[in-house]
Amino acid sequence: MNELLARWHRLTAPLVPDPARRAAAFATLAAAYQAPSRHYHTLQHIENLLKRLDAAALQDAPVVELAVWFHDAVYNALKLDAQARHNLQAELIAWEGDGLVQTER
C-alpha cells in the first residue's frame with residue numbers, strides 16, 4: 001500500500017499542496033476499497049488499472065488516473081443506485097484552490 005500512497009501523493013501534490021489533506025483523502029479511498037464487502041473492486045483492482053495506465057499512451061494521464069481512483073469509491077452491488085452514490089462520493093470529495101475538502105451530506 002505504500003506504493004499506492006506514494007503514487008497518490010505524486011498525482012495530487014500539484015492539486016493539493018497540504019500533505020495531510022492528501023493523506024486523509026487517500027485514507028478515505030483506501031478504506032472504501034478495503035471494505036469487507038469488496039471482492040473485485042479493491043485496492044488490488046486499482047493497482048491493476050494503474051499498471052495498465054502506465055503502459056498506455058494517454059493524452060491527459062492525470063485526469064484518467066484520478067478517474068481510476070474514484071471510479072468505484074462507492075460500491076454496493078446490491079443497490080441499484082451504486083453509480084449515483086459513486087458520483088456523490090466524487091462530489092463530496094471536491095477539489096478547491098487550496099486543496100481537497102470533504103463536505104458533509
# chains A, B, ... in the order shown; residues from 1 in each chain; ligands from 1

$ residues_around --residues "segment 36-53 of chain A" --least-positions-apart "4" --cutoff "8 Å" --atoms "only C-alpha atoms" --output "PyMOL selection string"
chain A and resi 4+30+57-58+61+65+68-69+72+75

$ closest_residue --among "A:His71, A:Gln34, A:Asp54, A:Gln59" --to "Arg7 of chain A" --atoms "only C-alpha atoms"
A:Asp54

$ atom_distance --atom1 "atom CA of Ala6 of chain A" --atom2 "atom CA of Val74 of chain A"
22.4 Å
